[in-house]
file target.txt (compact mmCIF, C-alpha atoms)
# COMPACT_ATOMS: atom_id res chain seq x y z
CA MET I 1 8.09 -17.58 -15.73
CA ASN I 2 11.67 -16.40 -15.46
CA GLY I 3 14.47 -17.79 -13.35
CA SER I 4 14.00 -20.68 -10.95
CA PRO I 5 12.43 -20.88 -7.52
CA GLY I 6 14.63 -20.68 -4.45
CA ARG I 7 14.05 -22.00 -0.95
CA PRO I 8 10.77 -23.80 -0.22
CA ASP I 9 9.63 -21.05 2.15
CA GLU I 10 9.99 -18.28 -0.43
CA ASP I 11 6.89 -16.78 -2.02
CA ALA I 12 8.31 -17.50 -5.48
CA THR I 13 8.52 -21.21 -4.72
CA ILE I 14 4.95 -21.28 -3.45
CA ILE I 15 3.72 -19.53 -6.59
CA ALA I 16 5.68 -21.86 -8.88
CA ASP I 17 4.48 -24.96 -7.05
CA SER I 18 0.87 -23.70 -7.09
CA LEU I 19 0.80 -24.09 -10.87
CA GLU I 20 0.52 -27.83 -10.31
CA ARG I 21 -1.00 -27.70 -6.84
CA PRO I 22 -3.33 -24.65 -6.74
CA GLU I 23 -4.21 -25.16 -3.07
CA LEU I 24 -0.67 -24.06 -2.14
CA PHE I 25 -1.53 -20.51 -3.18
CA GLY I 26 -3.49 -20.20 0.06
CA GLU I 27 -0.18 -19.85 1.90
CA LEU I 28 0.49 -16.63 0.01
CA TYR I 29 -2.88 -15.35 1.19
CA ARG I 30 -2.07 -16.29 4.80
CA ARG I 31 1.24 -14.43 4.58
CA HIS I 32 0.14 -11.21 2.93
CA ALA I 33 -3.64 -10.71 3.15
CA ALA I 34 -3.60 -8.82 6.45
CA GLY I 35 -1.12 -6.25 5.13
CA ILE I 36 -3.01 -5.80 1.86
CA HIS I 37 -6.26 -5.39 3.79
CA ARG I 38 -4.78 -2.73 6.10
CA TYR I 39 -3.37 -0.84 3.12
CA ALA I 40 -6.69 -0.95 1.24
CA ALA I 41 -8.61 0.08 4.37
CA ARG I 42 -6.33 3.09 4.88
CA ARG I 43 -6.91 4.18 1.31
CA LEU I 44 -10.58 3.37 0.71
CA GLY I 45 -12.09 2.51 4.09
CA GLU I 46 -13.17 -0.78 5.60
CA GLY I 47 -16.16 -1.08 3.29
CA SER I 48 -13.98 -1.56 0.21
CA ALA I 49 -10.98 -3.24 1.83
CA GLU I 50 -12.47 -6.74 1.80
CA ASP I 51 -13.25 -6.52 -1.90
CA ILE I 52 -9.84 -5.08 -2.78
CA THR I 53 -8.09 -7.80 -0.77
CA ALA I 54 -10.13 -10.59 -2.35
CA ASP I 55 -9.70 -9.15 -5.85
CA THR I 56 -5.95 -8.74 -5.31
CA PHE I 57 -5.47 -12.41 -4.53
CA LEU I 58 -7.89 -13.56 -7.21
CA THR I 59 -5.98 -11.50 -9.78
CA ALA I 60 -2.65 -12.78 -8.46
CA PHE I 61 -3.89 -16.37 -8.65
CA ARG I 62 -4.99 -15.91 -12.25
CA MET I 63 -1.67 -14.24 -13.19
CA ARG I 64 0.62 -16.55 -11.22
CA ALA I 65 2.02 -18.29 -14.31
CA ARG I 66 3.57 -14.97 -15.34
CA TYR I 67 5.18 -14.28 -11.96
CA ASP I 68 8.95 -13.71 -12.14
CA VAL I 69 10.25 -16.35 -9.72
CA ALA I 70 13.62 -14.58 -9.59
CA ARG I 71 11.82 -12.28 -7.12
CA SER I 72 11.64 -14.32 -3.92
CA SER I 73 9.11 -12.04 -2.20
CA ALA I 74 5.71 -11.53 -3.79
CA GLN I 75 4.92 -8.54 -1.56
CA PRO I 76 5.70 -5.80 -4.13
CA TRP I 77 3.77 -7.70 -6.81
CA LEU I 78 0.71 -8.03 -4.57
CA TYR I 79 0.81 -4.36 -3.52
CA GLY I 80 1.12 -3.40 -7.18
CA ILE I 81 -2.03 -5.36 -7.99
CA ALA I 82 -3.80 -3.77 -5.01
CA ALA I 83 -2.67 -0.28 -6.05
CA ASN I 84 -4.04 -0.84 -9.56
CA LEU I 85 -7.37 -2.00 -8.15
CA ILE I 86 -7.47 0.96 -5.75
CA GLY I 87 -6.73 3.24 -8.70
CA ARG I 88 -10.07 2.20 -10.19
CA HIS I 89 -11.69 3.63 -7.06
CA ARG I 90 -9.91 6.99 -7.31
CA ARG I 91 -13.10 8.99 -6.87
CA THR I 92 -13.99 7.03 -3.73
CA GLU I 93 -10.53 7.59 -2.30
CA VAL I 94 -10.49 11.31 -3.04
CA ARG I 95 -14.02 11.68 -1.63
CA ALA I 96 -12.95 9.87 1.57
CA LEU I 97 -9.84 12.03 1.89
CA ARG I 98 -11.88 15.20 1.45
CA ALA I 99 -14.34 14.01 4.10
CA LEU I 100 -11.42 13.33 6.43
CA ALA I 101 -10.06 16.80 5.70
CA ARG I 102 -13.40 18.25 6.84
CA THR I 103 -14.10 15.98 9.83
CA ARG I 104 -10.56 15.08 10.94
CA HIS I 105 -11.87 11.66 11.91
CA ASP I 106 -10.14 8.54 10.57
CA PRO I 107 -11.53 5.39 12.22
CA VAL I 108 -8.84 3.16 10.67
CA ALA I 109 -5.87 5.19 11.84
CA GLU I 110 -7.60 5.98 15.13
CA SER I 111 -7.96 2.30 15.96
CA TRP I 112 -4.17 1.89 15.66
CA THR I 113 -3.11 5.07 17.45
CA ASP I 114 -1.88 4.86 21.03
CA ARG I 115 -3.60 7.00 23.61
CA SER I 116 -0.92 9.65 24.09
CA ASP I 117 -0.19 13.35 23.81
CA ASN I 118 1.10 12.77 20.28
CA ARG I 119 -2.38 11.63 19.27
CA VAL I 120 -3.76 15.12 19.82
CA ALA I 121 -1.18 16.59 17.45
CA ALA I 122 -1.79 13.82 14.94
CA GLN I 123 -5.55 14.36 14.93
CA ALA I 124 -5.09 18.09 14.45
CA ALA I 125 -2.93 17.47 11.38
CA GLN I 126 -5.03 14.67 9.85
CA GLY I 127 -7.39 17.04 8.11
CA LEU I 128 -4.55 18.95 6.50
CA LEU I 129 -2.83 15.73 5.47
CA ALA I 130 -6.00 14.27 3.99
CA GLY I 131 -6.49 17.39 1.90
CA ALA I 132 -2.90 17.18 0.67
CA LEU I 133 -3.30 13.50 -0.23
CA ALA I 134 -6.51 14.22 -2.13
CA ALA I 135 -4.72 16.90 -4.14
CA LEU I 136 -1.86 14.61 -5.22
CA SER I 137 -1.89 12.96 -8.62
CA ALA I 138 -2.78 9.27 -8.53
CA GLY I 139 0.80 8.30 -9.39
CA ASP I 140 2.33 10.42 -6.65
CA ARG I 141 -0.25 9.20 -4.12
CA HIS I 142 0.45 5.53 -5.01
CA VAL I 143 4.18 6.00 -4.45
CA LEU I 144 3.79 7.97 -1.24
CA LEU I 145 1.33 5.55 0.34
CA LEU I 146 3.18 2.40 -0.72
CA VAL I 147 6.21 3.78 1.11
CA ALA I 148 4.36 5.19 4.11
CA TRP I 149 1.55 2.68 4.68
CA ALA I 150 2.81 -0.52 3.02
CA ASP I 151 6.39 0.08 4.19
CA LEU I 152 7.87 -0.78 0.79
CA GLY I 153 11.34 0.41 -0.19
CA TYR I 154 12.09 2.31 -3.40
CA GLN I 155 12.99 -0.81 -5.38
CA GLU I 156 9.87 -2.62 -4.15
CA VAL I 157 7.65 0.33 -5.13
CA ALA I 158 9.31 0.37 -8.54
CA GLU I 159 8.52 -3.34 -8.93
CA ALA I 160 4.98 -2.88 -7.64
CA LEU I 161 4.14 -0.08 -10.07
CA SER I 162 6.40 -1.19 -12.95
CA ILE I 163 8.23 2.13 -13.03
CA PRO I 164 11.94 3.01 -12.74
CA VAL I 165 13.42 3.64 -9.29
CA GLY I 166 14.27 7.18 -10.41
CA THR I 167 10.58 7.83 -11.05
CA VAL I 168 9.75 6.51 -7.59
CA ARG I 169 12.26 8.95 -6.08
CA SER I 170 11.00 11.95 -8.04
CA ARG I 171 7.33 11.19 -7.32
CA LEU I 172 8.04 10.64 -3.64
CA ASN I 173 10.08 13.84 -3.42
CA ARG I 174 7.32 15.84 -5.11
CA ALA I 175 4.59 14.31 -2.91
CA ARG I 176 6.63 14.79 0.24
CA LYS I 177 7.14 18.49 -0.49
CA LYS I 178 3.41 18.98 -1.04
CA VAL I 179 2.51 17.12 2.16
CA ARG I 180 5.01 19.07 4.26
CA SER I 181 3.78 22.33 2.79
CA ALA I 182 0.15 21.42 3.48
CA LEU I 183 0.95 20.56 7.10
CA GLY I 184 2.23 24.10 7.63
CA GLY I 185 5.15 23.15 9.84
CA VAL I 186 3.47 20.28 11.70
CA ASP I 187 5.81 17.31 11.95
CA PRO I 188 4.53 14.79 9.37
CA THR I 189 5.97 11.93 11.41
CA LEU I 190 3.12 12.44 13.90
CA VAL I 191 0.49 11.80 11.27
CA TYR I 192 -0.54 8.49 9.71
CA ASP I 193 2.74 6.69 10.33
CA PHE I 194 4.63 8.92 7.93
CA GLN I 195 7.98 8.22 9.65
CA GLU I 196 9.34 6.51 6.56
CA VAL I 197 8.27 9.30 4.22
CA ALA I 198 9.95 11.95 6.34
CA GLY I 199 13.03 9.88 7.00
CA ARG I 200 13.99 8.48 3.61
CA GLY I 201 15.78 10.58 1.04

call {"tool": "encode", "arguments": {"input": "target.txt", "output": "structure tokens"}}
result
Amino acid sequence: MNGSPGRPDEDATIIADSLERPELFGELYRRHAAGIHRYAARRLGEGSAEDITADTFLTAFRMRARYDVARSSAQPWLYGIAANLIGRHRRTEVRALRALARTRHDPVAESWTDRSDNRVAAQAAQGLLAGALAALSAGDRHVLLLVAWADLGYQEVAEALSIPVGTVRSRLNRARKKVRSALGGVDPTLVYDFQEVAGRG
């Protein structure tokens, strides 16, 4: 471990203390499991989300002695673990995206979408977006979806994927151009909560 833990309510403190009292690690699960589950469900579907979530926290628990306690929030670390696990299911993800491109039906996103006029536009663009996501490289897709669906900032994505911030920016820029092109002029902010992707430079 590097550094020293901060306030008692910080993730880093919980992780450090869990080395002697493993039951404390459950608090990290309570804080972050719902977000990890949503992210995994968006990428692989509900069927795999439970396994990804469980494996993320099991991996984190096993690796907790190596956690850098100078980082008060464990969120980027956990999303990085989840992204690596999701990466092992690349074929499943691409297959699901291609199916969405054909059917334009996303039960996960649909369950979160308000009943409004914007929903019609979003559903029309979902197929195009899914096709664009399937065509992205795994690295570009990880960056794009960590920003758009996990709501991580550039520095957090860099920490999650263990890459420089400059690489995050270039991958996001490349992915964003491809997505916008694939949508053929449809506002990407209407689709899949891509407000952050369209808004950040």

call {"tool": "closest_residue", "arguments": {"input": "target.txt", "among": "I:Ala49, I:Leu44, I:Ile14, I:Ala132", "to": "I:Leu183", "atoms": "only C-alpha atoms"}}
result
I:Ala132

call {"tool": "residues_near_point", "arguments": {"input": "target.txt", "point": "(-6.4, -8.4, -7.0)", "cutoff": "10 Å", "atoms": "all atoms listed in the file", "output": "ChimeraX atom specification"}}
result
/I:36,51-63,78-86

call {"tool": "atom_distance", "arguments": {"input": "target.txt", "atom1": "atom CA of I:Ala65", "atom2": "atom CA of I:Ala150"}}
result
24.8 Å

call {"tool": "residues_around", "arguments": {"input": "target.txt", "residues": "I:Asp9", "least_positions_apart": "3", "cutoff": "12 Å", "atoms": "all atoms listed in the file", "output": "MDAnalysis selection string"}}
result
chainID I and resid 5:6 12:17 24 27:28 31 72:74

call {"tool": "write_last_selection", "arguments": {"input": "target.txt", "atoms": "C-alpha atoms", "output": "PDB file, in the coordinates of the input"}}
result
ATOM      1  CA  PRO I   5      12.430 -20.880  -7.520  1.00  0.00           C
ATOM      2  CA  GLY I   6      14.630 -20.680  -4.450  1.00  0.00           C
ATOM      3  CA  ALA I  12       8.310 -17.500  -5.480  1.00  0.00           C
ATOM      4  CA  THR I  13       8.520 -21.210  -4.720  1.00  0.00           C
ATOM      5  CA  ILE I  14       4.950 -21.280  -3.450  1.00  0.00           C
ATOM      6  CA  ILE I  15       3.720 -19.530  -6.590  1.00  0.00           C
ATOM      7  CA  ALA I  16       5.680 -21.860  -8.880  1.00  0.00           C
ATOM      8  CA  ASP I  17       4.480 -24.960  -7.050  1.00  0.00           C
ATOM      9  CA  LEU I  24      -0.670 -24.060  -2.140  1.00  0.00           C
ATOM     10  CA  GLU I  27      -0.180 -19.850   1.900  1.00  0.00           C
ATOM     11  CA  LEU I  28       0.490 -16.630   0.010  1.00  0.00           C
ATOM     12  CA  ARG I  31       1.240 -14.430   4.580  1.00  0.00           C
ATOM     13  CA  SER I  72      11.640 -14.320  -3.920  1.00  0.00           C
ATOM     14  CA  SER I  73       9.110 -12.040  -2.200  1.00  0.00           C
ATOM     15  CA  ALA I  74       5.710 -11.530  -3.790  1.00  0.00           C
TER      16      ALA I  74
END

call {"tool": "residues_around", "arguments": {"input": "target.txt", "residues": "I:Ala182", "least_positions_apart": "4", "cutoff": "7 Å", "atoms": "only C-alpha atoms", "output": "VMD selection string"}}
result
chain I and resid 128 to 129 132 178

call {"tool": "write_last_selection", "arguments": {"input": "target.txt", "atoms": "C-alpha atoms", "output": "PDB file, in the frame of the given file"}}
result
ATOM      1  CA  LEU I 128      -4.550  18.950   6.500  1.00  0.00           C
ATOM      2  CA  LEU I 129      -2.830  15.730   5.470  1.00  0.00           C
ATOM      3  CA  ALA I 132      -2.900  17.180   0.670  1.00  0.00           C
ATOM      4  CA  LYS I 178       3.410  18.980  -1.040  1.00  0.00           C
TER       5      LYS I 178
END

call {"tool": "atom_distance", "arguments": {"input": "target.txt", "atom1": "atom CA of I:Ala33", "atom2": "atom CA of I:Arg171"}}
result
26.6 Å

call {"tool": "atom_distance", "arguments": {"input": "target.txt", "atom1": "atom CA of I:Val143", "atom2": "atom CA of I:Phe25"}}
result
27.1 Å

call {"tool": "closest_residue", "arguments": {"input": "target.txt", "among": "I:Asp11, I:Arg141, I:Ser48, I:Arg174", "to": "I:Gly26", "atoms": "only C-alpha atoms"}}
result
I:Asp11

call {"tool": "closest_residue", "arguments": {"input": "target.txt", "among": "I:Arg88, I:Arg176, I:Arg30, I:Arg71", "to": "I:Ala160", "atoms": "only C-alpha atoms"}}
result
I:Arg71

call {"tool": "closest_residue", "arguments": {"input": "target.txt", "among": "I:Arg95, I:His32, I:Arg180, I:His37", "to": "I:Pro76", "atoms": "only C-alpha atoms"}}
result
I:His32

call {"tool": "residues_near_point", "arguments": {"input": "target.txt", "point": "(-0.4, 13.4, -10.5)", "cutoff": "12 Å", "atoms": "all atoms listed in the file", "output": "PDB file with C-alpha atoms, in the frame of the given file"}}
result
ATOM      1  CA  ARG I  90      -9.910   6.990  -7.310  1.00  0.00           C
ATOM      2  CA  LEU I 133      -3.300  13.500  -0.230  1.00  0.00           C
ATOM      3  CA  ALA I 134      -6.510  14.220  -2.130  1.00  0.00           C
ATOM      4  CA  ALA I 135      -4.720  16.900  -4.140  1.00  0.00           C
ATOM      5  CA  LEU I 136      -1.860  14.610  -5.220  1.00  0.00           C
ATOM      6  CA  SER I 137      -1.890  12.960  -8.620  1.00  0.00           C
ATOM      7  CA  ALA I 138      -2.780   9.270  -8.530  1.00  0.00           C
ATOM      8  CA  GLY I 139       0.800   8.300  -9.390  1.00  0.00           C
ATOM      9  CA  ASP I 140       2.330  10.420  -6.650  1.00  0.00           C
ATOM     10  CA  ARG I 141      -0.250   9.200  -4.120  1.00  0.00           C
ATOM     11  CA  HIS I 142       0.450   5.530  -5.010  1.00  0.00           C
ATOM     12  CA  VAL I 143       4.180   6.000  -4.450  1.00  0.00           C
ATOM     13  CA  LEU I 144       3.790   7.970  -1.240  1.00  0.00           C
ATOM     14  CA  SER I 170      11.000  11.950  -8.040  1.00  0.00           C
ATOM     15  CA  ARG I 171       7.330  11.190  -7.320  1.00  0.00           C
ATOM     16  CA  LEU I 172       8.040  10.640  -3.640  1.00  0.00           C
ATOM     17  CA  ARG I 174       7.320  15.840  -5.110  1.00  0.00           C
ATOM     18  CA  ALA I 175       4.590  14.310  -2.910  1.00  0.00           C
ATOM     19  CA  LYS I 178       3.410  18.980  -1.040  1.00  0.00           C
TER      20      LYS I 178
END
